[in-house]
Structure formats: C-alpha cells, structure tokens
>>> print(open('my_file-v5.cif').read())   # mmCIF, C-alpha atoms
data_coords
loop_
_atom_site.label_atom_id
_atom_site.label_comp_id
_atom_site.auth_asym_id
_atom_site.auth_seq_id
_atom_site.Cartn_x
_atom_site.Cartn_y
_atom_site.Cartn_z
CA MET A 1 -13.48 16.73 0.08
CA THR A 2 -14.77 19.88 -1.63
CA SER A 3 -18.41 20.91 -1.28
CA GLY A 4 -20.89 21.51 -4.07
CA SER A 5 -22.84 19.43 -6.58
CA HIS A 6 -19.64 17.83 -7.94
CA PRO A 7 -17.39 17.16 -4.93
CA ASP A 8 -13.75 16.27 -5.46
CA THR A 9 -11.08 14.65 -3.33
CA VAL A 10 -8.45 17.09 -2.08
CA PHE A 11 -5.09 16.06 -0.63
CA GLY A 12 -3.37 18.08 2.06
CA ILE A 13 0.18 18.23 3.38
CA SER A 14 1.21 20.42 6.29
CA CYS A 15 4.39 21.51 8.05
CA ASN A 16 4.04 22.38 11.75
CA LYS A 17 6.40 24.46 13.83
CA GLN A 18 6.49 26.20 17.23
CA ILE A 19 8.08 29.42 18.44
CA ALA A 20 8.27 31.03 21.87
CA ALA A 21 5.84 33.91 22.11
CA SER A 22 8.59 36.08 23.63
CA ASP A 23 10.65 35.68 20.40
CA LEU A 24 7.97 37.28 18.21
CA LEU A 25 8.69 40.80 16.98
CA GLU A 26 4.98 41.47 16.60
CA LYS A 27 2.20 39.71 18.52
CA ASP A 28 -1.41 39.34 17.52
CA ALA A 29 -4.10 39.90 20.12
CA ASP A 30 -4.94 36.18 20.18
CA VAL A 31 -1.46 35.18 21.42
CA SER A 32 -2.17 34.19 25.02
CA ARG A 33 0.26 31.31 25.63
CA SER A 34 4.01 31.05 26.06
CA THR A 35 4.41 29.29 22.69
CA VAL A 36 2.80 29.78 19.31
CA GLN A 37 2.24 26.83 16.98
CA LYS A 38 1.25 27.23 13.35
CA ALA A 39 1.02 25.04 10.29
CA VAL A 40 1.49 25.89 6.64
CA VAL A 41 -0.83 23.73 4.55
CA VAL A 42 -0.86 22.94 0.83
CA LEU A 43 -4.00 21.52 -0.78
CA ALA A 44 -3.67 19.66 -4.07
CA SER A 45 -5.84 17.63 -6.43
CA LYS A 46 -3.19 14.85 -6.53
CA PRO A 47 -1.09 13.29 -3.73
CA LEU A 48 2.11 15.15 -4.67
CA PHE A 49 3.67 14.95 -1.23
CA GLY A 50 7.18 14.04 -2.34
CA LEU A 51 7.30 17.00 -4.74
CA ILE A 52 5.96 19.48 -2.19
CA ARG A 53 7.36 18.34 1.17
CA ASP A 54 10.91 19.78 1.02
CA ARG A 55 9.77 23.12 -0.42
CA LEU A 56 7.07 23.40 2.21
CA CYS A 57 9.58 22.85 5.01
CA VAL A 58 11.86 25.59 3.63
CA VAL A 59 8.98 28.07 3.37
CA THR A 60 7.71 27.23 6.88
CA ASN A 61 11.17 27.77 8.38
CA ALA A 62 11.50 31.06 6.53
CA LEU A 63 8.10 32.21 7.80
CA PHE A 64 9.04 31.46 11.41
CA ASN A 65 12.46 33.08 11.04
CA GLN A 66 10.70 36.37 10.27
CA ARG A 67 9.18 36.22 13.77
CA ASP A 68 6.20 38.17 12.45
CA PHE A 69 3.21 36.18 11.23
CA ARG A 70 1.45 39.25 9.91
CA ASP A 71 4.01 39.45 7.12
CA THR A 72 2.72 36.82 4.69
CA HIS A 73 4.55 37.79 1.49
CA ILE A 74 6.57 34.53 1.68
CA LEU A 75 3.36 32.49 1.63
CA ILE A 76 1.94 34.51 -1.25
CA ASP A 77 5.09 34.04 -3.34
CA PHE A 78 5.13 30.32 -2.50
CA ALA A 79 1.51 29.85 -3.58
CA THR A 80 2.13 31.81 -6.79
CA THR A 81 5.18 29.82 -7.90
CA LEU A 82 4.45 26.32 -6.56
CA GLU A 83 1.99 25.13 -9.18
CA GLY A 84 4.15 26.24 -12.08
CA SER A 85 7.27 24.66 -10.62
CA ILE A 86 5.73 21.19 -10.25
CA LYS A 87 3.48 21.15 -13.32
CA THR A 88 6.17 19.50 -15.44
CA GLN A 89 6.59 16.79 -12.79
CA LEU A 90 2.95 15.66 -12.66
CA THR A 91 3.84 12.15 -13.76
CA GLU A 92 3.47 8.69 -12.28
CA SER A 93 7.08 8.77 -11.07
CA GLY A 94 6.42 12.19 -9.52
CA LEU A 95 3.61 10.72 -7.42
CA TYR A 96 5.85 7.87 -6.27
CA MET A 97 8.29 10.38 -4.75
CA GLY A 98 6.08 10.43 -1.66
CA THR A 99 6.30 6.66 -1.13
CA SER A 100 8.97 4.17 -0.06
CA LEU A 101 8.42 0.51 -0.88
CA ARG A 102 11.83 -0.37 0.54
CA GLU A 103 10.86 0.97 3.96
CA LEU A 104 7.44 -0.69 3.78
CA ILE A 105 8.96 -4.10 3.04
CA HIS A 106 11.83 -3.67 5.50
CA LYS A 107 9.25 -2.88 8.18
CA PHE A 108 6.58 -5.52 7.49
CA ARG A 109 8.60 -8.12 5.56
CA GLN A 110 6.33 -10.94 4.30
CA ARG A 111 3.28 -9.31 5.86
CA THR A 112 3.53 -6.63 3.16
CA LEU A 113 1.79 -9.13 0.86
CA VAL A 114 -0.83 -9.78 3.55
CA LEU A 115 -1.60 -6.04 3.49
CA LEU A 116 -1.91 -6.05 -0.30
CA LYS A 117 -4.28 -9.01 -0.22
CA LEU A 118 -6.39 -7.27 2.43
CA LEU A 119 -6.51 -4.11 0.33
CA MET A 120 -7.66 -6.05 -2.74
CA LEU A 121 -10.39 -7.63 -0.61
CA GLN A 122 -11.51 -4.13 0.44
CA ARG A 123 -11.28 -4.97 4.13
CA LYS A 124 -11.23 -2.42 6.94
CA ILE A 125 -7.54 -1.62 7.47
CA MET A 126 -6.30 0.77 10.14
CA PHE A 127 -2.72 1.90 10.79
CA PHE A 128 -1.96 3.26 14.26
CA GLY A 129 1.05 5.02 15.77
CA HIS A 130 3.58 7.82 15.56
CA PRO A 131 5.10 9.68 13.80
CA VAL A 132 2.29 10.88 11.54
CA GLU A 133 4.51 11.28 8.47
CA ARG A 134 5.60 7.64 8.63
CA LEU A 135 2.02 6.54 9.36
CA CYS A 136 0.86 8.18 6.14
CA THR A 137 3.87 7.11 4.07
CA TYR A 138 3.26 3.44 4.85
CA GLN A 139 -0.33 3.74 3.63
CA TYR A 140 0.51 5.57 0.41
CA SER A 141 3.27 3.04 -0.24
CA LEU A 142 0.74 0.22 0.23
CA VAL A 143 -1.72 1.89 -2.16
CA SER A 144 1.04 2.24 -4.76
CA LEU A 145 1.43 -1.57 -4.88
CA ILE A 146 -1.75 -1.72 -7.00
CA PRO A 147 -0.60 -0.50 -10.43
CA ASN A 148 -1.69 3.07 -11.30
CA LEU A 149 -3.89 3.42 -8.21
CA LEU A 150 -2.07 6.56 -7.01
CA LEU A 151 -3.19 8.19 -10.25
CA ALA A 152 -6.85 7.39 -9.59
CA LEU A 153 -7.71 8.49 -6.05
CA GLU A 154 -10.45 10.95 -6.99
CA ASP A 155 -13.15 8.94 -5.16
CA THR A 156 -11.22 8.30 -1.94
CA ALA A 157 -12.43 11.17 0.27
CA SER A 158 -15.92 9.80 0.90
CA PRO A 159 -17.79 6.47 0.67
CA ASN A 160 -20.43 8.36 -1.32
CA LEU A 161 -18.07 9.02 -4.24
CA ASP A 162 -18.07 6.42 -7.01
CA ARG A 163 -17.44 8.17 -10.31
CA ARG A 164 -14.74 5.85 -11.61
CA SER A 165 -17.07 2.86 -11.92
CA LYS A 166 -19.44 4.96 -14.03
CA ASP A 167 -16.83 6.76 -16.14
CA THR A 168 -14.69 3.72 -17.01
CA SER A 169 -15.70 1.35 -19.80
CA LYS A 170 -14.26 -1.84 -21.30
CA PRO A 171 -11.26 -1.03 -23.55
CA THR A 172 -11.87 -1.52 -27.28
CA GLU A 173 -8.19 -1.68 -28.23
CA LEU A 174 -4.87 -2.86 -26.83
CA ARG A 175 -1.36 -1.66 -27.58
CA THR A 176 0.95 -4.11 -25.86
CA SER A 177 3.91 -1.76 -26.34
CA ASP A 178 2.09 0.92 -24.32
CA ARG A 179 2.09 0.13 -20.60
CA ASN A 180 -0.89 2.39 -19.84
CA SER A 181 -2.92 0.72 -22.60
CA LEU A 182 -2.01 -2.68 -21.16
CA MET A 183 -2.99 -1.63 -17.64
CA ARG A 184 -6.37 -0.38 -18.87
CA TYR A 185 -6.95 -3.65 -20.72
CA LEU A 186 -6.18 -5.57 -17.52
CA GLY A 187 -8.71 -3.42 -15.63
CA LEU A 188 -6.14 -1.55 -13.56
CA PRO A 189 -6.15 0.25 -11.29
CA LEU A 190 -8.70 -1.72 -9.28
CA ASN A 191 -11.53 0.42 -7.94
CA VAL A 192 -10.86 -0.46 -4.29
CA PHE A 193 -11.93 3.00 -3.04
CA GLY A 194 -15.20 3.24 -4.93
CA LYS A 195 -18.69 2.56 -3.64
CA ASP A 196 -18.97 2.43 0.19
CA ALA A 197 -15.19 2.79 0.61
CA PHE A 198 -12.75 5.57 1.49
CA PHE A 199 -9.07 6.29 2.14
CA GLN A 200 -8.00 8.68 4.90
CA PRO A 201 -4.28 8.38 5.74
CA TYR A 202 -4.91 10.47 8.87
CA LEU A 203 -8.42 10.24 10.33
CA PRO A 204 -9.18 12.82 13.05
CA LEU A 205 -11.56 12.05 15.88
CA GLN A 206 -14.13 14.43 14.38
CA GLN A 207 -14.58 12.09 11.38
CA VAL A 208 -14.85 8.84 13.30
CA ASP A 209 -18.42 8.25 12.05
CA MET A 210 -16.96 7.53 8.60
CA LEU A 211 -15.74 4.21 9.98
CA LYS A 212 -19.30 2.87 9.90
CA THR A 213 -19.03 2.31 6.17
CA GLN A 214 -18.21 -1.00 4.45
CA SER A 215 -14.54 -0.64 3.49
CA TRP A 216 -11.64 1.67 4.33
CA LEU A 217 -7.94 2.24 4.69
CA CYS A 218 -7.06 4.84 7.29
CA GLY A 219 -4.51 5.88 9.88
CA THR A 220 -4.74 7.42 13.33
CA THR A 221 -2.64 8.35 16.36
CA ASN A 222 -5.65 8.36 18.69
CA THR A 223 -6.50 5.15 20.58
CA ILE A 224 -10.13 6.27 20.83
CA VAL A 225 -10.45 5.92 17.06
CA THR A 226 -9.16 2.33 17.24
CA GLN A 227 -11.73 1.34 19.87
CA GLN A 228 -15.05 2.23 18.22
CA ARG A 229 -17.18 -0.82 19.07
CA ASP A 230 -19.55 -0.43 16.14
CA SER A 231 -16.76 0.04 13.59
CA LEU A 232 -13.70 -1.96 14.59
CA PRO A 233 -11.07 -2.54 11.88
CA ASP A 234 -10.66 -5.98 10.36
CA VAL A 235 -6.96 -5.54 11.05
CA LEU A 236 -5.15 -2.99 13.21
CA ILE A 237 -1.49 -2.41 12.32
CA ASN A 238 0.53 -0.85 15.12
CA ILE A 239 3.57 0.72 13.45
CA GLU A 240 5.29 1.30 16.82
CA THR A 241 5.17 -2.34 17.96
CA ASN A 242 5.01 -3.77 14.41
CA THR A 243 2.02 -5.97 15.27
CA PHE A 244 -1.09 -7.00 13.34
CA GLU A 245 -4.31 -7.47 15.32
CA PHE A 246 -7.12 -9.23 13.43
CA LYS A 247 -10.69 -8.82 14.62
CA ASP A 248 -11.76 -12.18 13.18
CA PRO A 249 -9.52 -15.27 12.73
CA LYS A 250 -11.51 -16.10 9.57
CA ILE A 251 -10.26 -12.91 7.91
CA GLU A 252 -6.70 -13.71 8.95
CA ARG A 253 -7.02 -17.15 7.35
CA LEU A 254 -8.32 -15.60 4.10
CA VAL A 255 -5.07 -13.67 3.63
CA THR A 256 -2.67 -16.27 5.00
CA LEU A 257 0.20 -16.56 2.55
CA THR A 258 0.48 -19.70 0.48
CA PRO A 259 3.80 -21.55 0.18
CA ALA A 260 4.33 -19.85 -3.22
CA ASP A 261 3.55 -16.47 -1.66
CA ARG A 262 6.04 -17.04 1.14
CA LYS A 263 8.81 -18.14 -1.23
CA TRP A 264 8.19 -15.14 -3.49
CA MET A 265 8.15 -12.68 -0.59
CA ASP A 266 11.25 -14.24 0.98
CA ASP A 267 13.19 -13.44 -2.18
CA ILE A 268 11.89 -9.87 -2.19
CA VAL A 269 12.67 -9.29 1.49
CA ARG A 270 16.19 -10.58 0.87
CA ASP A 271 16.59 -8.21 -2.10
CA VAL A 272 15.67 -5.28 0.17
CA ASN A 273 17.70 -6.28 3.22
CA ASP A 274 20.85 -7.29 1.33
CA GLY A 275 21.31 -3.69 0.23
CA TRP A 276 19.74 -1.98 3.23
CA ASN A 277 21.29 1.37 4.10
CA GLU A 278 20.14 2.71 7.47
CA SER A 279 21.37 6.21 6.65
CA ASP A 280 19.47 6.23 3.33
CA PRO A 281 16.66 3.63 3.35
CA SER A 282 15.34 4.79 -0.02
CA ARG A 283 18.34 3.44 -2.00
CA PRO A 284 20.22 0.14 -1.98
CA LEU A 285 23.85 0.30 -0.85
CA THR A 286 24.98 -0.91 -4.26
CA MET A 287 22.79 1.70 -6.06
CA GLU A 288 21.63 -1.11 -8.36
CA PHE A 289 18.17 -1.56 -9.85
CA LYS A 290 17.66 -4.81 -7.94
CA GLY A 291 16.12 -3.99 -4.58
CA SER A 292 15.16 -0.44 -5.59
CA ASP A 293 11.63 0.96 -5.38
CA ASP A 294 11.21 0.67 -9.16
CA TYR A 295 12.31 -2.97 -9.01
CA LEU A 296 9.89 -3.71 -6.17
CA ARG A 297 7.03 -1.93 -7.89
CA ALA A 298 7.59 -4.02 -11.03
CA LYS A 299 7.58 -7.20 -8.92
CA PHE A 300 4.25 -6.37 -7.28
CA GLU A 301 2.77 -5.27 -10.60
CA ASP A 302 3.62 -8.71 -11.94
CA TYR A 303 1.99 -10.31 -8.88
CA VAL A 304 -1.25 -8.31 -9.16
CA CYS A 305 -1.57 -8.82 -12.93
CA SER A 306 -0.89 -12.55 -12.62
CA ALA A 307 -3.42 -12.87 -9.81
CA LEU A 308 -6.12 -11.14 -11.86
CA ALA A 309 -5.33 -13.31 -14.89
CA SER A 310 -5.66 -16.37 -12.65
CA VAL A 311 -9.09 -15.19 -11.51
CA LYS A 312 -10.22 -14.96 -15.13
CA TYR A 313 -8.65 -18.34 -15.80
CA ALA A 314 -10.58 -19.93 -12.94
CA ASP A 315 -13.82 -18.20 -14.01
CA TYR A 316 -13.40 -19.45 -17.58
CA LEU A 317 -12.81 -23.05 -16.52
CA LEU A 318 -15.81 -22.92 -14.20
CA LYS A 319 -18.18 -21.57 -16.87
CA SER A 320 -16.91 -23.68 -19.76
CA GLY A 321 -16.49 -26.93 -17.87
CA LYS A 322 -12.96 -27.29 -19.26
CA THR A 323 -10.05 -28.57 -17.21
CA ASP A 324 -7.21 -26.80 -19.03
CA LEU A 325 -6.55 -23.85 -21.32
CA SER A 326 -5.35 -25.72 -24.41
CA ALA A 327 -8.73 -25.16 -26.06
CA VAL A 328 -8.19 -21.39 -26.16
CA GLY A 329 -4.52 -21.56 -27.05
CA SER A 330 -3.24 -20.30 -23.71
CA THR A 331 -0.70 -21.73 -21.33
CA GLY A 332 -0.55 -21.30 -17.62
CA ASP A 333 0.09 -22.92 -14.30
CA GLU A 334 -2.58 -25.47 -13.45
CA ASN A 335 -1.89 -24.75 -9.76
CA CYS A 336 -2.16 -20.95 -10.04
CA VAL A 337 -5.45 -20.75 -8.12
CA GLU A 338 -4.02 -22.80 -5.28
CA ASN A 339 -0.78 -20.79 -5.33
CA PHE A 340 -2.61 -17.48 -4.89
CA GLY A 341 -5.06 -18.99 -2.38
CA GLU A 342 -8.45 -20.43 -3.25
CA ALA A 343 -10.16 -18.85 -0.24
CA TRP A 344 -8.64 -15.43 -0.98
CA MET A 345 -9.68 -15.66 -4.62
CA ALA A 346 -13.25 -16.63 -3.65
CA ALA A 347 -13.41 -13.68 -1.23
CA PHE A 348 -12.13 -11.32 -3.94
CA ARG A 349 -15.07 -12.32 -6.15
CA GLN A 350 -17.44 -11.00 -3.47
CA THR A 351 -16.03 -7.45 -3.51
CA ASN A 352 -17.35 -4.37 -5.29
CA ALA A 353 -13.90 -3.96 -6.81
CA TYR A 354 -14.20 -7.37 -8.48
CA MET A 355 -17.68 -6.65 -9.86
CA VAL A 356 -16.52 -3.40 -11.47
CA TRP A 357 -13.30 -5.00 -12.74
CA ASN A 358 -15.07 -8.08 -14.14
CA GLN A 359 -17.53 -5.96 -16.10
CA GLN A 360 -14.75 -3.89 -17.65
CA THR A 361 -12.34 -6.65 -18.68
CA ASP A 362 -12.22 -9.35 -21.33
CA PRO A 363 -13.15 -12.90 -20.20
CA LEU A 364 -10.04 -14.18 -22.03
CA LEU A 365 -7.72 -11.65 -20.37
CA PHE A 366 -5.39 -14.55 -19.53
CA ASP A 367 -4.44 -14.68 -23.23
CA ILE A 368 -2.48 -11.45 -22.67
CA CYS A 369 -1.25 -11.98 -19.12
CA GLU A 370 -0.29 -15.51 -18.17
CA PRO A 371 -2.18 -17.06 -15.24
CA ARG A 372 0.87 -18.08 -13.28
CA HIS A 373 2.17 -17.25 -9.81
CA PRO A 374 5.36 -15.14 -10.12
CA CYS A 375 7.26 -17.44 -7.75
CA GLU A 376 9.99 -18.76 -10.05
CA SER A 377 10.47 -22.13 -8.38
CA LYS A 378 7.91 -24.28 -6.62
CA PRO A 379 8.68 -24.42 -2.89
CA THR A 380 9.09 -27.82 -1.30
CA VAL A 381 7.33 -28.77 1.91
CA ILE A 382 10.64 -28.67 3.78
CA SER A 383 11.69 -25.26 2.42
CA ASP A 384 8.26 -23.83 3.27
CA ILE A 385 8.57 -25.06 6.85
CA GLY A 386 11.94 -23.35 7.02
CA LEU A 387 10.52 -20.06 5.72
CA ARG A 388 7.68 -20.13 8.23
CA LEU A 389 10.06 -20.88 11.10
CA ALA A 390 12.48 -18.14 10.08
CA GLU A 391 9.70 -15.56 9.71
CA GLY A 392 8.14 -16.62 13.00
CA LEU A 393 11.46 -16.16 14.76
CA HIS A 394 11.80 -12.69 13.30
CA GLU A 395 8.30 -11.66 14.36
CA LEU A 396 8.98 -12.86 17.91
CA LYS A 397 12.14 -10.71 17.94
CA VAL A 398 14.31 -13.54 19.19
CA ALA A 399 16.62 -13.69 16.18
CA GLU A 400 19.69 -12.66 18.15
CA THR A 401 19.21 -15.13 20.99
CA VAL A 402 18.55 -18.09 18.71
CA ALA A 403 21.02 -17.25 15.95
CA PRO A 404 22.80 -20.64 16.15
CA ALA A 405 19.51 -22.55 15.82
CA ARG A 406 18.41 -20.30 12.99
CA GLU A 407 21.68 -20.93 11.14
CA ALA A 408 21.27 -24.67 11.67
CA ILE A 409 17.76 -24.52 10.21
CA SER A 410 19.01 -22.62 7.18
CA ASN A 411 21.80 -25.10 6.57
CA ALA A 412 19.44 -28.02 7.06
CA ILE A 413 16.99 -26.69 4.49
CA SER A 414 19.77 -26.63 1.91
CA ALA A 415 20.78 -30.18 2.76
CA GLY A 416 17.25 -31.60 2.62
CA SER A 417 14.75 -33.14 4.96
CA THR A 418 17.26 -35.47 6.63
CA GLY A 419 19.41 -32.54 7.65
CA LEU A 420 16.41 -30.63 8.91
CA PHE A 421 15.55 -33.20 11.52
CA ARG A 422 19.23 -33.60 12.41
CA ALA A 423 19.35 -29.86 13.20
CA PHE A 424 17.05 -30.44 16.19
CA GLU A 425 18.95 -33.36 17.65
#
>>> encode(input="my_file-v5.cif", output="structure tokens")
Amino acid sequence: MTSGSHPDTVFGISCNKQIAASDLLEKDADVSRSTVQKAVVVLASKPLFGLIRDRLCVVTNALFNQRDFRDTHILIDFATTLEGSIKTQLTESGLYMGTSLRELIHKFRQRTLVLLKLLMLQRKIMFFGHPVERLCTYQYSLVSLIPNLLLALEDTASPNLDRRSKDTSKPTELRTSDRNSLMRYLGLPLNVFGKDAFFQPYLPLQQVDMLKTQSWLCGTTNTIVTQQRDSLPDVLINIETNTFEFKDPKIERLVTLTPADRKWMDDIVRDVNDGWNESDPSRPLTMEFKGSDDYLRAKFEDYVCSALASVKYADYLLKSGKTDLSAVGSTGDENCVENFGEAWMAAFRQTNAYMVWNQQTDPLLFDICEPRHPCESKPTVISDIGLRLAEGLHELKVAETVAPAREAISNAISAGSTGLFRAFE
C-alpha cells in the first residue's frame, strides 16, 4: 500500500535467482557469501501477473547472464518499455491471464464451491504451502470466481481502505445487452475486501498483526503465521496435503454444500477432468470451450448471480408476506433458498458485503436475473448419497484401492435405489 493522504493498493510480482559469487565479473563490497541472490520486482496498480511474468523472467535471466549487477541498463530499458507494451492489454481477459480455474477445480474439486461460499461470507481464509507462485495463483483464481472482482481490488491492501462502498451508487439505468451494465445492476463485484477486510496473497511474518482484523484472504509459507492464537483462520487450506482445517464446526456447516450444489459441482469437475492435460493444465485436451477457463468462469458467474437473485427473492417474500412471485410477474424456483443453503444465505445477510450490496441494488433484482439454482436437474436422494460417497473416497485418497466398489456404486446409482443396496451385498 502506498503512503500519503490517499493510499492506494499496489501489486507486486518478483523473479528471484541465485548466482555463485565466484562467477561474478564485478563484485560489490557487500558480497560476503558464496552465493548472491537477487530479485527483480515489478509494482503495478492492477494484478497483471500473467502479462508481466514471462517478460520478467526473461529480463531477470538476462541480468544474471551479464554477471555484473552494477550494469542496470537492462532494467532501465525494461521499465521504460513495459508499461507501453501492456497498455493495450489492460482488459478483463488480460487480468485473467494470471489465473487458472482449471487447476483450482482440478485441485480442490467440489470444495472449490466451499471456498467461494466462504469468500462471500467474508470469513478468514488462509492458504498455506509451497511453491509461492501456486499459493498465490490459487487465491487469485478464487477471487476471479466473483464476477469483475479482479477489476476492483483497490481496497484490498489494508482493512482501513473502504472507498468502493462510498464511491459506488445504485445504477439508474440498465442495458441488458451490455455485460458490464448488467453486472453493475446486479451489484457486482461484491465488496468482500472493503471495511475491516484485506487480501494479501503472500503475508510475511512482519505483517502478522493484520490478521487481527475481521475478514481476510491471505497466503503464507510460514507455520508461525498459521498459529497466531489471537487470529486463527476460520479455515486453513494446506495446498501441499490438500486438506481443509476449520477452526469451528459451525462455520464448516454454514458452507456445507447442498445436494443441488454437489450435483452442479460434480458436473463441473467432470468437465475439467474429462479433458485434463497434465502437460498443459490450462487447456482441455480437445481444445473445446467446454471445460475451459472461460466456460468455468461463465458457470460460476451464473451461480453467483442466481444466488444473489435468490437472496433478493427471499427478502421480498419475507417483507411482503407473499408466498410466491406471481404477484410481481416473475418466475423462479420455489426451492432456490434451500438449494443454495438457508444457513449460508442467513450468514451472508450478516456481512458488510451484503449491507453494501443491498443498499446499491434494486429490491426486484430477481426480475432481471432468475432466482433459480443453476443445477439443471434436481438430484435424487440416492444420487446425492452416491456423490457424497464418491467425493469422500477421493478425499481419503483410496480411489485406486477401492476402484471395484466405486464402480459398483456408480452403476448402482444409474440403476436406482434397489441396485444401490445390492452393490453392498
């Protein structure tokens, strides 16, 4: 964060490299060890990591190949040309170049939606583990699941920053053919990093006091940061062991996926894994739209918009005393609140993000966006049991040893409840 009367959030990306001191052509007086490590850092007003990363690596390698750190003309030329070269790419798609939804979903599977629900509740979320680049990428990919949020991270550096809530007002017009106009009308992006909240994809030990605030998303490689007794995370995600550790079972229950959630996520996980390419995780093997990052982003945009419309729907029914939407000429799923999770929806209403969003959106928002869970078909009790069993087996990492039983379960689900019980005979 910059200093001054009007502080701003600044994003940094660095490339680190080492060289043996004996390989240097010229040594500075402060070189006292056998190796020299340096980092080239770029500071930007937007998280343009995907646009900068490859160029930064090339420049860093070139600097080290000179074997003389006093010659900085490469860095000067890089700084002079960088801004001009990426100015034409300062678009929403340009920001997404630093994220990978396919890798996020391949890693966390159905729990990806658990993370999104936690983020919308403004809970304390901490990612832990190595490598740092992947640690940060997972977090930026998670943030990108809330439509347009990567474009609005100006308040994320400090819990004291909250300009968006003051500078944003209720839209007075709507152009349904213009996606950005539609997003503004729906109150997106949510202000999840506003008052008493921050986002630090890599939190150093020196800034550990920031964890005493109300809400955050951060990452660390230091176990000391994860063990602050007065500021424990609501959930700790270990990216090395792929485990979620909840501080309070009540919070875990708030974000437990509903049957509709599980069915919806099962389809998405299948879309990712069916075309998974280990040598190039960013693209499906078939190179089709289905299963791509753009496809996944559209799916989650639909989920978030439908969830927000369902909140307005429930609020309207509560205030008006009505039991359906026919009176206002809208159609929707009468079970949408249950399908998104009543407890989760009630917890969302207690957040600062909800208060800001509710003030800036139309009470009849559900006239524009249908209050309906995006799960295309209602899951049966039997199919939901099968999904929970299959996901539980995967999380326990026993898929290979119980493959026959897993196949029997899958076949039984297709055949119906009678077959399911036969599978265990």
>>> closest_atom_pairs(input="my_file-v5.cif", of="range 351-371 of chain A", to="range 210-216 of chain A", cutoff="12 Å", atoms="all atoms listed in the file", output="JSON lines")
{"residue": "A:Thr351", "atom": "CA", "partner": "A:Ser215", "partner_atom": "CA", "distance": 9.9}
{"residue": "A:Asn352", "atom": "CA", "partner": "A:Ser215", "partner_atom": "CA", "distance": 9.9}
{"residue": "A:Ala353", "atom": "CA", "partner": "A:Ser215", "partner_atom": "CA", "distance": 10.8}
>>> closest_residue(input="my_file-v5.cif", among="A:Leu142, A:Leu254, A:Ala20, A:Leu48", to="Arg297 in chain A", atoms="all atoms listed in the file")
A:Leu142
>>> residues_around(input="my_file-v5.cif", residues="Leu149 in chain A", least_positions_apart="3", cutoff="10 Å", atoms="all atoms listed in the file", output="list in words")
Glu92, Tyr140, Val143, Ser144, Leu145, Ile146, Ala152, Leu153, Leu188, Pro189, Leu190, Asn191, Val192 and Phe193 of chain A
>>> write_last_selection(input="my_file-v5.cif", atoms="C-alpha atoms", output="tab-separated table (two decimals), in the frame of the given file")
chain	number	residue	atom	x	y	z
A	92	GLU	CA	3.47	8.69	-12.28
A	140	TYR	CA	0.51	5.57	0.41
A	143	VAL	CA	-1.72	1.89	-2.16
A	144	SER	CA	1.04	2.24	-4.76
A	145	LEU	CA	1.43	-1.57	-4.88
A	146	ILE	CA	-1.75	-1.72	-7.00
A	152	ALA	CA	-6.85	7.39	-9.59
A	153	LEU	CA	-7.71	8.49	-6.05
A	188	LEU	CA	-6.14	-1.55	-13.56
A	189	PRO	CA	-6.15	0.25	-11.29
A	190	LEU	CA	-8.70	-1.72	-9.28
A	191	ASN	CA	-11.53	0.42	-7.94
A	192	VAL	CA	-10.86	-0.46	-4.29
A	193	PHE	CA	-11.93	3.00	-3.04
>>> resolve_selection(input="my_file-v5.cif", expression="the PyMOL selection byres ((chain A and resi 348) around 12)", output="VMD selection string")
chain A and resid 117 to 123 190 192 254 to 255 307 to 308 310 to 312 340 to 347 349 to 358
>>> closest_residue(input="my_file-v5.cif", among="A:Thr220, A:Gln360, A:Asn339, A:Ser279", to="Ile239 in chain A", atoms="only C-alpha atoms")
A:Thr220
>>> resolve_selection(input="my_file-v5.cif", expression="the PyMOL selection byres ((chain A and resi 274) around 12)", output="short mmCIF file (atom, residue, chain, number, x, y, z; two decimals) with C-alpha atoms, keeping the file's coordinate frame")
data_model
loop_
_atom_site.label_atom_id
_atom_site.label_comp_id
_atom_site.auth_asym_id
_atom_site.auth_seq_id
_atom_site.Cartn_x
_atom_site.Cartn_y
_atom_site.Cartn_z
CA ARG A 102 11.83 -0.37 0.54
CA HIS A 106 11.83 -3.67 5.50
CA ASP A 266 11.25 -14.24 0.98
CA ASP A 267 13.19 -13.44 -2.18
CA ILE A 268 11.89 -9.87 -2.19
CA VAL A 269 12.67 -9.29 1.49
CA ARG A 270 16.19 -10.58 0.87
CA ASP A 271 16.59 -8.21 -2.10
CA VAL A 272 15.67 -5.28 0.17
CA ASN A 273 17.70 -6.28 3.22
CA GLY A 275 21.31 -3.69 0.23
CA TRP A 276 19.74 -1.98 3.23
CA ASN A 277 21.29 1.37 4.10
CA GLU A 278 20.14 2.71 7.47
CA PRO A 281 16.66 3.63 3.35
CA ARG A 283 18.34 3.44 -2.00
CA PRO A 284 20.22 0.14 -1.98
CA LEU A 285 23.85 0.30 -0.85
CA THR A 286 24.98 -0.91 -4.26
CA MET A 287 22.79 1.70 -6.06
CA GLU A 288 21.63 -1.11 -8.36
CA LYS A 290 17.66 -4.81 -7.94
CA GLY A 291 16.12 -3.99 -4.58
CA SER A 292 15.16 -0.44 -5.59
#
